[in-house]
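> One structure coming up, written as structure tokens, with questions to follow.
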Amino acid sequence: MDAPAAWPIEPGADRQEVEDLVSRLAEHMGIPYPEIRDDFVLLPANYITVSRALYEVDPAWEEKALITPPTP
């Protein structure tokens with residue numbers, strides 16, 4: 001299994017909204033519930049697949065500023 005990518009949780013993001021989004025994402029992708037560590041969500045390292053799935057479960061995920069893609 002590839003190492004996960006750490007997607008930052010935005011400062012001030014509602015933790016419950018983050019958990020709800022991550023839960024829907026995991027269900028949609030058919031993956032175990034991702035680990036949330038401090039201010040990061042550990043998601044599969046394939047950014048394109050994860051981003052596409054995020055848009056499918058919540059088209060406004062970027063505007064909500066809950067989590068952001070990892071920077072290289």
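Naming works like this for the structure tokens: A, B, ... for the chains as they're shown, residue 1 at the start of each chain, ligands 1 onward in shown order.
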Residues near Ile36 in chain A, anyone? I mean within 10 Å using only C-alpha atoms, not counting same-chain ones fewer than 3 positions away, as a ChimeraX atom specification.

/A:6-9,18-19,22,33,39-43

> For the residues selected in the previous step, produce a file with N, CA, C and O atoms as a PDB file, in the first residue's frame.


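To be explicit, this is the file written out as result-v1.pdb:
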```pdb
ATOM      1  N   ALA A   6      -1.026  13.670   3.274  1.00  0.00           N
ATOM      2  CA  ALA A   6      -1.608  14.446   4.369  1.00  0.00           C
ATOM      3  C   ALA A   6      -2.286  15.693   3.802  1.00  0.00           C
ATOM      4  O   ALA A   6      -1.624  16.596   3.304  1.00  0.00           O
ATOM      5  N   TRP A   7      -3.611  15.692   3.822  1.00  0.00           N
ATOM      6  CA  TRP A   7      -4.392  16.841   3.364  1.00  0.00           C
ATOM      7  C   TRP A   7      -4.640  17.740   4.576  1.00  0.00           C
ATOM      8  O   TRP A   7      -5.283  17.315   5.546  1.00  0.00           O
ATOM      9  N   PRO A   8      -4.140  18.984   4.545  1.00  0.00           N
ATOM     10  CA  PRO A   8      -4.330  19.876   5.692  1.00  0.00           C
ATOM     11  C   PRO A   8      -5.798  20.238   5.917  1.00  0.00           C
ATOM     12  O   PRO A   8      -6.546  20.453   4.974  1.00  0.00           O
ATOM     13  N   ILE A   9      -6.159  20.301   7.191  1.00  0.00           N
ATOM     14  CA  ILE A   9      -7.471  20.823   7.586  1.00  0.00           C
ATOM     15  C   ILE A   9      -7.274  22.325   7.756  1.00  0.00           C
ATOM     16  O   ILE A   9      -6.344  22.773   8.427  1.00  0.00           O
ATOM     17  N   VAL A  18     -15.709  18.486   8.673  1.00  0.00           N
ATOM     18  CA  VAL A  18     -14.566  17.751   8.106  1.00  0.00           C
ATOM     19  C   VAL A  18     -14.808  16.255   8.237  1.00  0.00           C
ATOM     20  O   VAL A  18     -14.658  15.497   7.278  1.00  0.00           O
ATOM     21  N   GLU A  19     -15.191  15.812   9.418  1.00  0.00           N
ATOM     22  CA  GLU A  19     -15.434  14.389   9.654  1.00  0.00           C
ATOM     23  C   GLU A  19     -16.560  13.866   8.768  1.00  0.00           C
ATOM     24  O   GLU A  19     -16.468  12.756   8.235  1.00  0.00           O
ATOM     25  N   VAL A  22     -15.181  13.607   5.167  1.00  0.00           N
ATOM     26  CA  VAL A  22     -14.246  12.482   5.078  1.00  0.00           C
ATOM     27  C   VAL A  22     -15.007  11.155   5.116  1.00  0.00           C
ATOM     28  O   VAL A  22     -14.672  10.214   4.394  1.00  0.00           O
ATOM     29  N   TYR A  33     -12.273   4.371   6.747  1.00  0.00           N
ATOM     30  CA  TYR A  33     -12.334   5.751   7.206  1.00  0.00           C
ATOM     31  C   TYR A  33     -10.908   6.259   7.409  1.00  0.00           C
ATOM     32  O   TYR A  33     -10.131   5.662   8.146  1.00  0.00           O
ATOM     33  N   ASP A  39      -4.055  18.323  12.537  1.00  0.00           N
ATOM     34  CA  ASP A  39      -4.702  19.163  11.531  1.00  0.00           C
ATOM     35  C   ASP A  39      -4.544  18.613  10.127  1.00  0.00           C
ATOM     36  O   ASP A  39      -4.468  19.367   9.149  1.00  0.00           O
ATOM     37  N   PHE A  40      -4.509  17.280  10.005  1.00  0.00           N
ATOM     38  CA  PHE A  40      -4.351  16.632   8.708  1.00  0.00           C
ATOM     39  C   PHE A  40      -5.274  15.430   8.588  1.00  0.00           C
ATOM     40  O   PHE A  40      -5.545  14.744   9.565  1.00  0.00           O
ATOM     41  N   VAL A  41      -5.732  15.184   7.355  1.00  0.00           N
ATOM     42  CA  VAL A  41      -6.490  13.977   7.030  1.00  0.00           C
ATOM     43  C   VAL A  41      -5.577  13.139   6.134  1.00  0.00           C
ATOM     44  O   VAL A  41      -5.046  13.637   5.144  1.00  0.00           O
ATOM     45  N   LEU A  42      -5.373  11.889   6.486  1.00  0.00           N
ATOM     46  CA  LEU A  42      -4.512  11.006   5.704  1.00  0.00           C
ATOM     47  C   LEU A  42      -5.368  10.280   4.667  1.00  0.00           C
ATOM     48  O   LEU A  42      -6.158   9.399   4.993  1.00  0.00           O
ATOM     49  N   LEU A  43      -5.210  10.707   3.411  1.00  0.00           N
ATOM     50  CA  LEU A  43      -5.982  10.167   2.294  1.00  0.00           C
ATOM     51  C   LEU A  43      -5.051   9.477   1.305  1.00  0.00           C
ATOM     52  O   LEU A  43      -3.835   9.699   1.339  1.00  0.00           O
TER      53      LEU A  43
END
```

> Quick check for you: according to DSSP on this backbone, which residues of chain A are classed as strand (DSSP E)? Reply as a PyMOL selection string.

chain A and resi 5-8+36-37+40-43

> Could those residues be written to a file, using N, CA and C atoms, as an mmCIF file, in the first residue's frame?


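Written out: again_16.cif:
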```
data_model
loop_
_atom_site.group_PDB
_atom_site.id
_atom_site.type_symbol
_atom_site.label_atom_id
_atom_site.label_comp_id
_atom_site.auth_asym_id
_atom_site.auth_seq_id
_atom_site.Cartn_x
_atom_site.Cartn_y
_atom_site.Cartn_z
ATOM 1 N N ALA A 5 -1.291 10.548 1.671
ATOM 2 C CA ALA A 5 -0.981 11.972 1.550
ATOM 3 C C ALA A 5 -1.704 12.707 2.675
ATOM 4 N N ALA A 6 -1.026 13.670 3.274
ATOM 5 C CA ALA A 6 -1.608 14.446 4.369
ATOM 6 C C ALA A 6 -2.286 15.693 3.802
ATOM 7 N N TRP A 7 -3.611 15.692 3.822
ATOM 8 C CA TRP A 7 -4.392 16.841 3.364
ATOM 9 C C TRP A 7 -4.640 17.740 4.576
ATOM 10 N N PRO A 8 -4.140 18.984 4.545
ATOM 11 C CA PRO A 8 -4.330 19.876 5.692
ATOM 12 C C PRO A 8 -5.798 20.238 5.917
ATOM 13 N N ILE A 36 -7.492 10.878 10.945
ATOM 14 C CA ILE A 36 -7.360 12.323 11.096
ATOM 15 C C ILE A 36 -6.368 12.528 12.230
ATOM 16 N N ARG A 37 -5.238 13.167 11.894
ATOM 17 C CA ARG A 37 -4.181 13.428 12.880
ATOM 18 C C ARG A 37 -3.997 14.920 13.012
ATOM 19 N N PHE A 40 -4.509 17.280 10.005
ATOM 20 C CA PHE A 40 -4.351 16.632 8.708
ATOM 21 C C PHE A 40 -5.274 15.430 8.588
ATOM 22 N N VAL A 41 -5.732 15.184 7.355
ATOM 23 C CA VAL A 41 -6.490 13.977 7.030
ATOM 24 C C VAL A 41 -5.577 13.139 6.134
ATOM 25 N N LEU A 42 -5.373 11.889 6.486
ATOM 26 C CA LEU A 42 -4.512 11.006 5.704
ATOM 27 C C LEU A 42 -5.368 10.280 4.667
ATOM 28 N N LEU A 43 -5.210 10.707 3.411
ATOM 29 C CA LEU A 43 -5.982 10.167 2.294
ATOM 30 C C LEU A 43 -5.051 9.477 1.305
#
```

> Within 12 Å of Glu27 in chain A, counting only C-alpha atoms, which residues qualify if same-chain residues fewer than 5 places away don't, as a list in words?

Asp20, Leu21, Val22, Pro32, Tyr33, Pro34, Ala53, Leu54, Glu56 and Val57 of chain A

> Per DSSP on the backbone, what are the helix (DSSP H, G or I) residues of chain A, as an MDAnalysis selection string?

chainID A and resid 15:29 47:57 61:64

> Using N, CA, C and O atoms, can you write the selected residues to a file as a short mmCIF file (atom, residue, chain, number, x, y, z; two decimals), in the first residue's frame?


```cif
data_model
loop_
_atom_site.label_atom_id
_atom_site.label_comp_id
_atom_site.auth_asym_id
_atom_site.auth_seq_id
_atom_site.Cartn_x
_atom_site.Cartn_y
_atom_site.Cartn_z
N ARG A 15 -14.81 21.00 12.69
CA ARG A 15 -14.29 19.63 12.76
C ARG A 15 -15.37 18.60 12.38
O ARG A 15 -15.08 17.61 11.72
N GLN A 16 -16.61 18.83 12.80
CA GLN A 16 -17.69 17.91 12.47
C GLN A 16 -17.94 17.89 10.97
O GLN A 16 -18.17 16.83 10.39
N GLU A 17 -17.88 19.05 10.31
CA GLU A 17 -18.06 19.10 8.86
C GLU A 17 -16.93 18.35 8.16
O GLU A 17 -17.17 17.65 7.16
N VAL A 18 -15.71 18.49 8.67
CA VAL A 18 -14.57 17.75 8.11
C VAL A 18 -14.81 16.25 8.24
O VAL A 18 -14.66 15.50 7.28
N GLU A 19 -15.19 15.81 9.42
CA GLU A 19 -15.43 14.39 9.65
C GLU A 19 -16.56 13.87 8.77
O GLU A 19 -16.47 12.76 8.23
N ASP A 20 -17.62 14.65 8.58
CA ASP A 20 -18.72 14.24 7.72
C ASP A 20 -18.26 14.11 6.26
O ASP A 20 -18.60 13.14 5.58
N LEU A 21 -17.48 15.10 5.78
CA LEU A 21 -16.97 15.05 4.42
C LEU A 21 -16.07 13.83 4.22
O LEU A 21 -16.20 13.10 3.24
N VAL A 22 -15.18 13.61 5.17
CA VAL A 22 -14.25 12.48 5.08
C VAL A 22 -15.01 11.15 5.12
O VAL A 22 -14.67 10.21 4.39
N SER A 23 -16.04 11.08 5.93
CA SER A 23 -16.85 9.87 6.00
C SER A 23 -17.54 9.58 4.67
O SER A 23 -17.51 8.44 4.18
N ARG A 24 -18.15 10.60 4.07
CA ARG A 24 -18.81 10.42 2.77
C ARG A 24 -17.79 10.06 1.69
O ARG A 24 -18.06 9.23 0.82
N LEU A 25 -16.63 10.68 1.76
CA LEU A 25 -15.56 10.40 0.79
C LEU A 25 -15.12 8.94 0.90
O LEU A 25 -15.01 8.25 -0.11
N ALA A 26 -14.88 8.48 2.11
CA ALA A 26 -14.43 7.10 2.31
C ALA A 26 -15.48 6.11 1.79
O ALA A 26 -15.14 5.15 1.10
N GLU A 27 -16.74 6.37 2.10
CA GLU A 27 -17.81 5.49 1.62
C GLU A 27 -17.86 5.49 0.10
O GLU A 27 -17.95 4.44 -0.53
N HIS A 28 -17.77 6.67 -0.50
CA HIS A 28 -17.83 6.79 -1.96
C HIS A 28 -16.66 6.07 -2.63
O HIS A 28 -16.82 5.44 -3.67
N MET A 29 -15.47 6.20 -2.04
CA MET A 29 -14.27 5.60 -2.62
C MET A 29 -14.11 4.12 -2.25
O MET A 29 -13.26 3.44 -2.80
N TYR A 47 -3.79 12.19 -5.83
CA TYR A 47 -4.51 13.45 -5.72
C TYR A 47 -5.68 13.53 -6.70
O TYR A 47 -6.77 13.96 -6.34
N ILE A 48 -5.48 13.13 -7.94
CA ILE A 48 -6.53 13.25 -8.96
C ILE A 48 -7.76 12.42 -8.58
O ILE A 48 -8.89 12.89 -8.65
N THR A 49 -7.53 11.20 -8.17
CA THR A 49 -8.64 10.32 -7.78
C THR A 49 -9.38 10.87 -6.58
O THR A 49 -10.61 10.91 -6.55
N VAL A 50 -8.64 11.33 -5.58
CA VAL A 50 -9.26 11.87 -4.37
C VAL A 50 -10.03 13.15 -4.69
O VAL A 50 -11.17 13.33 -4.26
N SER A 51 -9.43 14.04 -5.47
CA SER A 51 -10.12 15.29 -5.83
C SER A 51 -11.40 15.02 -6.60
O SER A 51 -12.43 15.63 -6.34
N ARG A 52 -11.33 14.11 -7.54
CA ARG A 52 -12.52 13.76 -8.32
C ARG A 52 -13.61 13.22 -7.40
O ARG A 52 -14.79 13.59 -7.51
N ALA A 53 -13.23 12.36 -6.48
CA ALA A 53 -14.20 11.79 -5.55
C ALA A 53 -14.78 12.88 -4.64
O ALA A 53 -15.97 12.86 -4.33
N LEU A 54 -13.95 13.82 -4.22
CA LEU A 54 -14.45 14.92 -3.40
C LEU A 54 -15.50 15.73 -4.15
O LEU A 54 -16.53 16.09 -3.59
N TYR A 55 -15.24 16.02 -5.42
CA TYR A 55 -16.23 16.75 -6.23
C TYR A 55 -17.51 15.95 -6.39
O TYR A 55 -18.60 16.53 -6.46
N GLU A 56 -17.40 14.64 -6.44
CA GLU A 56 -18.60 13.81 -6.58
C GLU A 56 -19.44 13.79 -5.31
O GLU A 56 -20.66 13.75 -5.38
N VAL A 57 -18.80 13.80 -4.14
CA VAL A 57 -19.56 13.77 -2.89
C VAL A 57 -19.96 15.16 -2.42
O VAL A 57 -20.94 15.31 -1.70
N TRP A 61 -16.68 21.47 -2.17
CA TRP A 61 -15.72 21.19 -1.09
C TRP A 61 -14.60 22.23 -1.02
O TRP A 61 -14.17 22.58 0.07
N GLU A 62 -14.14 22.74 -2.17
CA GLU A 62 -13.06 23.74 -2.12
C GLU A 62 -13.53 25.07 -1.55
O GLU A 62 -12.81 25.70 -0.77
N GLU A 63 -14.74 25.50 -1.92
CA GLU A 63 -15.26 26.77 -1.41
C GLU A 63 -15.53 26.72 0.09
O GLU A 63 -15.49 27.73 0.76
N LYS A 64 -15.84 25.52 0.59
CA LYS A 64 -16.12 25.38 2.02
C LYS A 64 -14.86 25.48 2.87
O LYS A 64 -14.93 25.67 4.07
#
```

> So how far away is CA of Ala60 in chain A from CA of Asp14 in chain A, in Å?

15.1 Å

> What does the distance between CA of Asp58 in chain A and CA of Pro44 in chain A come to in Å, to one decimal place?

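Spanning CA of Asp58 in chain A to CA of Pro44 in chain A is a straight-line distance of 17.7 Å.
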
> For a test of reading the model, state the distance in Å between CA of Pro70 in chain A and CA of Ala3 in chain A, rounded to one decimal.

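Interatomic distance, CA of Pro70 in chain A to CA of Ala3 in chain A: 13.2 Å.
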